[in-house]
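Enquirer: Structure file query30.txt (compact mmCIF, C-alpha atoms) right here:
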# COMPACT_ATOMS: atom_id res chain seq x y z
CA ASP A 1437 -11.39 12.06 1.16
CA ALA A 1438 -9.48 11.82 -2.12
CA CYS A 1439 -6.83 9.48 -0.73
CA ASN A 1440 -7.02 6.08 -2.40
CA TYR A 1441 -4.26 4.58 -0.27
CA GLY A 1442 -5.00 5.26 3.37
CA TYR A 1443 -4.56 2.71 6.14
CA GLY A 1444 -5.43 -0.93 5.63
CA HIS A 1445 -3.26 -2.04 2.70
CA SER A 1446 -0.31 -4.41 2.78
CA GLU A 1447 3.27 -3.12 2.69
CA GLU A 1448 3.69 -4.77 -0.73
CA THR A 1449 0.75 -2.78 -2.08
CA TYR A 1450 2.19 0.46 -0.74
CA LYS A 1451 5.62 -0.31 -2.15
CA LYS A 1452 4.23 -1.09 -5.60
CA TRP A 1453 2.17 2.10 -5.58
CA ARG A 1454 5.16 4.20 -4.50
CA GLU A 1455 7.21 2.88 -7.41
CA TYR A 1456 4.65 3.90 -10.03
CA THR A 1457 5.58 6.87 -12.18
CA LYS A 1458 3.32 9.87 -11.80
CA GLU A 1459 1.46 8.95 -15.01
CA GLU A 1460 1.05 5.31 -14.00
CA ARG A 1461 -0.19 6.27 -10.55
CA LEU A 1462 -2.73 8.78 -11.83
CA LYS A 1463 -4.05 6.27 -14.35
CA HIS A 1464 -4.26 3.52 -11.74
CA ASP A 1465 -5.97 5.75 -9.19
CA MET A 1466 -8.54 6.94 -11.72
CA GLN A 1467 -9.47 3.32 -12.39
CA LEU A 1468 -9.55 2.52 -8.69
CA GLY A 1469 -11.54 5.37 -7.20
CA GLY A 1470 -12.52 7.71 -10.01
CA LYS A 1471 -10.26 10.52 -8.75
CA PRO A 1472 -6.50 11.04 -9.02
CA ALA A 1473 -5.09 10.91 -5.51
CA GLY A 1474 -1.79 12.59 -6.36
CA GLY A 1475 0.80 11.11 -4.04
CA ALA A 1476 1.79 10.53 -0.42
CA ILE A 1477 3.84 12.46 2.13
CA TYR A 1478 7.05 10.78 3.29
CA ILE A 1479 9.10 12.19 6.17
CA GLY A 1480 12.44 10.65 7.13
CA ALA A 1481 13.88 9.95 10.57
CA GLY A 1482 15.20 12.90 12.54
CA THR A 1483 13.36 15.44 10.38
CA ASN A 1484 11.60 18.32 12.14
CA VAL A 1485 8.61 20.17 10.68
CA GLN A 1486 7.95 23.31 12.69
CA ASP A 1487 4.82 25.30 13.54
CA GLY A 1488 2.46 26.41 10.79
CA CYS A 1489 4.04 24.44 7.93
CA ILE A 1490 1.98 23.10 5.03
CA ILE A 1491 2.98 19.94 3.16
CA THR A 1492 0.76 18.59 0.37
CA ALA A 1493 0.97 15.81 -2.19
CA ARG A 1494 -1.86 16.78 -4.52
CA GLU A 1495 0.11 16.38 -7.75
CA ASP A 1496 2.83 13.93 -6.75
CA HIS A 1497 4.68 12.58 -3.72
CA ALA A 1498 6.09 15.02 -1.19
CA LYS A 1499 9.33 13.50 0.09
CA LEU A 1500 11.48 14.74 2.95
CA GLY A 1501 14.70 12.88 3.69
CA GLU A 1502 16.40 12.34 7.03
CA GLY A 1503 17.60 15.16 9.26
CA VAL A 1504 15.72 17.87 7.35
CA THR A 1505 14.76 21.10 9.11
CA VAL A 1506 11.59 22.81 7.83
CA GLY A 1507 11.23 26.26 9.37
CA HIS A 1508 8.02 27.87 10.63
CA MET A 1509 5.31 28.60 8.05
CA ALA A 1510 7.23 26.98 5.16
CA GLN A 1511 5.29 25.18 2.40
CA ILE A 1512 6.29 22.10 0.41
CA HIS A 1513 3.93 20.97 -2.35
CA SER A 1514 4.57 17.69 -4.21
CA ALA A 1515 8.31 18.33 -4.06
CA THR A 1516 11.44 16.52 -2.83
CA VAL A 1517 13.78 17.70 -0.09
CA GLU A 1518 16.76 15.42 0.38
CA SER A 1519 18.52 14.65 3.66
CA ASN A 1520 20.17 17.23 5.92
CA SER A 1521 18.78 20.25 4.11
CA LEU A 1522 17.24 23.35 5.65
CA ILE A 1523 14.08 25.04 4.38
CA GLY A 1524 13.89 28.51 5.91
CA MET A 1525 10.86 30.11 7.54
CA GLY A 1526 8.12 31.06 5.11
CA ALA A 1527 9.87 29.49 2.11
CA LEU A 1528 7.77 27.87 -0.63
CA ILE A 1529 8.83 24.78 -2.61
CA ASN A 1530 6.58 24.36 -5.64
CA PRO A 1531 5.51 21.05 -7.26
CA GLY A 1532 8.20 19.10 -9.06
CA ALA A 1533 11.06 20.99 -7.40
CA LYS A 1534 13.95 19.14 -5.84
CA VAL A 1535 16.25 20.33 -3.06
CA GLU A 1536 19.29 18.10 -3.00
CA SER A 1537 21.12 17.04 0.18
CA GLN A 1538 22.87 19.54 2.45
CA SER A 1539 21.30 22.57 0.80
CA PHE A 1540 19.80 25.72 2.28
CA VAL A 1541 16.70 27.48 0.95
CA ALA A 1542 16.63 30.85 2.71
CA ALA A 1543 13.64 32.28 4.60
CA GLY A 1544 10.94 33.56 2.26
CA ALA A 1545 12.52 32.11 -0.87
CA ILE A 1546 10.17 30.80 -3.60
CA VAL A 1547 11.54 27.79 -5.46
CA GLY A 1548 9.71 27.44 -8.77
CA ARG A 1549 8.19 24.40 -10.43
CA ASP A 1550 10.68 21.69 -11.43
CA GLU A 1551 13.65 23.75 -10.20
CA VAL A 1552 16.63 21.84 -8.81
CA VAL A 1553 18.66 23.18 -5.90
CA LYS A 1554 21.97 21.38 -6.21
CA SER A 1555 23.67 19.79 -3.21
CA GLY A 1556 25.47 22.28 -1.00
CA GLU A 1557 23.92 25.42 -2.51
CA LEU A 1558 22.27 28.45 -0.89
CA TRP A 1559 19.20 29.80 -2.72
CA VAL A 1560 17.47 33.08 -1.91
CA GLY A 1561 14.81 35.43 -3.26
CA ASN A 1562 11.60 35.36 -5.28
CA PRO A 1563 11.98 33.67 -7.64
CA ALA A 1564 14.72 31.80 -5.78
CA ARG A 1565 18.16 31.71 -7.37
CA LYS A 1566 21.53 30.38 -6.29
CA LEU A 1567 23.49 32.91 -4.23
CA ARG A 1568 26.58 30.82 -3.51
CA ASP A 1569 27.87 27.46 -2.28
CA LEU A 1570 27.71 26.68 1.42
CA THR A 1571 30.97 26.55 3.33
CA VAL A 1572 32.11 23.40 5.10
CA LYS A 1573 31.14 24.89 8.49
CA GLU A 1574 27.69 25.82 7.18
CA ARG A 1575 27.13 22.27 5.98
CA GLU A 1576 28.17 20.91 9.37
CA LYS A 1577 25.70 23.26 11.05
CA LEU A 1578 22.83 21.68 9.07
CA PHE A 1579 23.48 18.40 10.88
CA TYR A 1580 23.85 20.15 14.25
CA GLN A 1581 20.58 22.08 13.92
CA ALA A 1582 18.57 18.99 13.04
CA ASP A 1583 20.03 17.10 16.03
CA GLN A 1584 19.21 19.97 18.38
CA TYR A 1585 15.57 20.06 17.27
CA VAL A 1586 15.28 16.32 17.90
CA LYS A 1587 16.59 16.89 21.43
CA VAL A 1588 14.00 19.64 21.95
CA ALA A 1589 11.26 17.22 20.88
CA GLU A 1590 12.56 14.53 23.22
CA GLY A 1591 12.53 17.02 26.08
CA GLN A 1592 8.83 17.65 25.48
CA GLY A 1593 7.87 13.99 25.37
CA ASN A 1594 5.74 14.16 28.53
CA VAL A 1595 3.84 17.33 27.69
CA SER A 1596 0.73 15.40 26.61
CA THR A 1597 0.79 13.44 29.85
CA LEU A 1598 0.28 16.67 31.80
CA GLY A 1599 -2.70 17.66 29.69
CA GLY A 1600 -6.37 17.04 30.38
CA ASN A 1601 -6.15 13.29 30.86
CA ILE A 1602 -5.49 13.29 34.62
CA PRO A 1603 -7.12 15.17 37.52
CA ASP A 1604 -6.03 18.76 38.09
CA THR A 1605 -5.20 17.99 41.71
CA LEU A 1606 -2.74 15.31 40.64
CA ILE A 1607 -1.09 17.67 38.15
CA GLU A 1608 -0.75 20.28 40.88
CA TYR A 1609 0.69 17.71 43.27
CA MET A 1610 3.28 16.58 40.72
CA MET A 1611 4.15 20.18 39.83
CA ILE A 1612 5.07 21.02 43.43
CA GLY A 1613 7.37 18.02 43.75
CA GLY A 1614 5.19 15.31 45.22
CA GLY A 1615 6.51 12.79 42.73
CA GLU A 1616 4.73 10.05 40.86
CA GLU A 1617 5.44 7.39 43.48
CA ALA A 1618 4.00 9.46 46.33
CA ALA A 1619 1.03 10.53 44.23
CA ASN A 1620 0.08 6.90 43.67
CA THR A 1621 0.05 6.14 47.42
CA GLU A 1622 -3.47 5.89 48.80
CA GLU A 1623 -2.59 7.52 52.16
CA VAL A 1624 -1.28 10.67 50.48
CA GLU A 1625 -3.88 13.29 49.69
CA ALA A 1626 -2.96 15.53 46.80
CA PRO A 1627 -3.20 19.17 47.85
CA SER A 1628 -5.24 21.58 45.82
CA LEU A 1629 -3.67 24.91 44.92
CA SER A 1630 -7.12 26.39 44.44
CA SER A 1631 -8.58 25.47 47.85
CA THR A 1632 -8.06 28.96 49.22
CA SER A 1633 -9.94 31.88 47.76
CA PRO A 1634 -7.60 34.67 46.60
CA GLU A 1635 -9.94 37.24 48.20
CA THR A 1636 -9.50 35.70 51.68
CA PRO A 1637 -5.88 34.58 52.07
CA PRO A 1638 -5.05 32.48 55.16
CA PRO A 1639 -3.48 34.35 58.09
CA THR A 1640 0.29 34.15 58.18
CA ALA A 1641 2.43 33.56 61.25
CA ALA A 1642 3.62 37.15 61.09
CA ALA A 1643 0.05 38.42 61.06
CA GLU A 1644 -0.87 36.25 64.06
CA ASN A 1645 2.15 37.45 66.04
CA LYS A 1646 1.28 41.06 65.26
CA GLU A 1647 -2.29 40.56 66.44
CA THR A 1648 -1.15 38.86 69.67
CA ALA A 1649 1.41 41.55 70.33
CA GLY A 1650 -1.29 44.20 69.93
CA LYS A 1651 -3.50 42.51 72.53
CA ASN A 1652 -0.67 42.20 75.06
CA GLU A 1653 0.24 45.82 74.52
CA ASN A 1654 -3.29 46.96 75.37
CA GLU A 1655 -3.40 44.82 78.50
CA ASP A 1656 -0.21 46.34 79.91
CA LYS A 1657 -1.43 49.95 79.51
CA PRO A 1658 -3.15 51.55 82.58
CA GLN A 1659 -6.85 52.01 82.17
CA LEU A 1660 -7.88 55.66 82.51
CA ARG A 1661 -11.20 56.35 84.21
CA PRO A 1662 -13.25 59.34 83.15
CA LYS A 1663 -13.59 62.10 85.77
CA ALA A 1664 -16.89 62.35 87.58
Could the structure of this file be written out as structure tokens, please?
Expert:
Amino acid sequence: DACNYGYGHSEETYKKWREYTKEERLKHDMQLGGKPAGGAIYIGAGTNVQDGCIITAREDHAKLGEGVTVGHMAQIHSATVESNSLIGMGALINPGAKVESQSFVAAGAIVGRDEVVKSGELWVGNPARKLRDLTVKEREKLFYQADQYVKVAEGQGNVSTLGGNIPDTLIEYMMIGGGEEAANTEEVEAPSLSSTSPETPPPTAAAENKETAGKNENEDKPQLRPKA
């Protein structure tokens, strides 16, 4: 573990360390633990980091502002992404780069070291270059997209609850509409969806009626005796 500032320090200590320049921090960390720790990863409120992303702070802080959308498989290494920006799927932001607020780095774009994406710009390609300025509607959509992803996250807030921390029978009971209140009642027995073997399904009412009808039919028929 190369992190010199994990849990356990006071907020004042963290604040002082954050305010160090890169050179001051590296020097201080070398004296403290013998290895430069690089920086920390800061993610603002309402920011969504999607599946498969990689964010590192090996050389310096990695900072994401508020309301940022980071698409699937994107990478951000010791770089800064300001508020309400969008980093497209598979994009790469190299160390020292800065994406200013309300900007859009397109899918697959590679932003080089120490490059600056100015506020309101669209960058594409490898190496990434400015294509044009975003329109007013496109800027507004950056806010809308971030809000929608937050709503998606809120809608999945109970997913962990239905994981492996409660009995399967209770999950099954809740899934078929028993409700939490009924499930907590001692008199109610939670049904098991796996109690019946799929190879031997229970007889249905239709099957029972058919069988009964067959018996009655045989009883009504005259019995033929073989000739002597």
Enquirer: Kindly indicate which residue among A:Thr1516, A:Gly1526, A:Asp1465, A:Glu1590 lies nearest to Gln1486 of chain A, using only C-alpha atoms for the distances.
Expert: A:Gly1526
Enquirer: Using all atoms listed in the file, which protein or nucleic acid residues come within 6 Å of segment 1503-1505 of chain A? Drop anything in the same chain fewer than 4 positions from it, and give the result as a ChimeraX atom specification.
Expert: /A:1482-1484,1519-1522,1582
Enquirer: Which of these residues is nearest to His1508 of chain A, using only C-alpha atoms: A:Ala1493, A:Ala1543, A:His1464, A:Leu1578?
Expert: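 Closest to His1508 of chain A, using only C-alpha atoms: A:Ala1543.
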Enquirer: From the list A:Arg1461, A:Glu1536, A:His1497, A:Gln1592, which residue is nearest Tyr1478 of chain A when using all atoms listed in the file?
Expert: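 Closest to Tyr1478 of chain A, using all atoms listed in the file: A:His1497.
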Enquirer: What are the centre and the three edge lengths of an axis-aligned box that wraps all atoms of segment 1539-1546 of chain A in the file, given that 5 Å is added to every side, written as AutoDock Vina command-line options and rounded to one decimal in Å?
Expert:
--center_x 15.7 --center_y 28.1 --center_z 0.5 --size_x 21.1 --size_y 21.0 --size_z 18.2
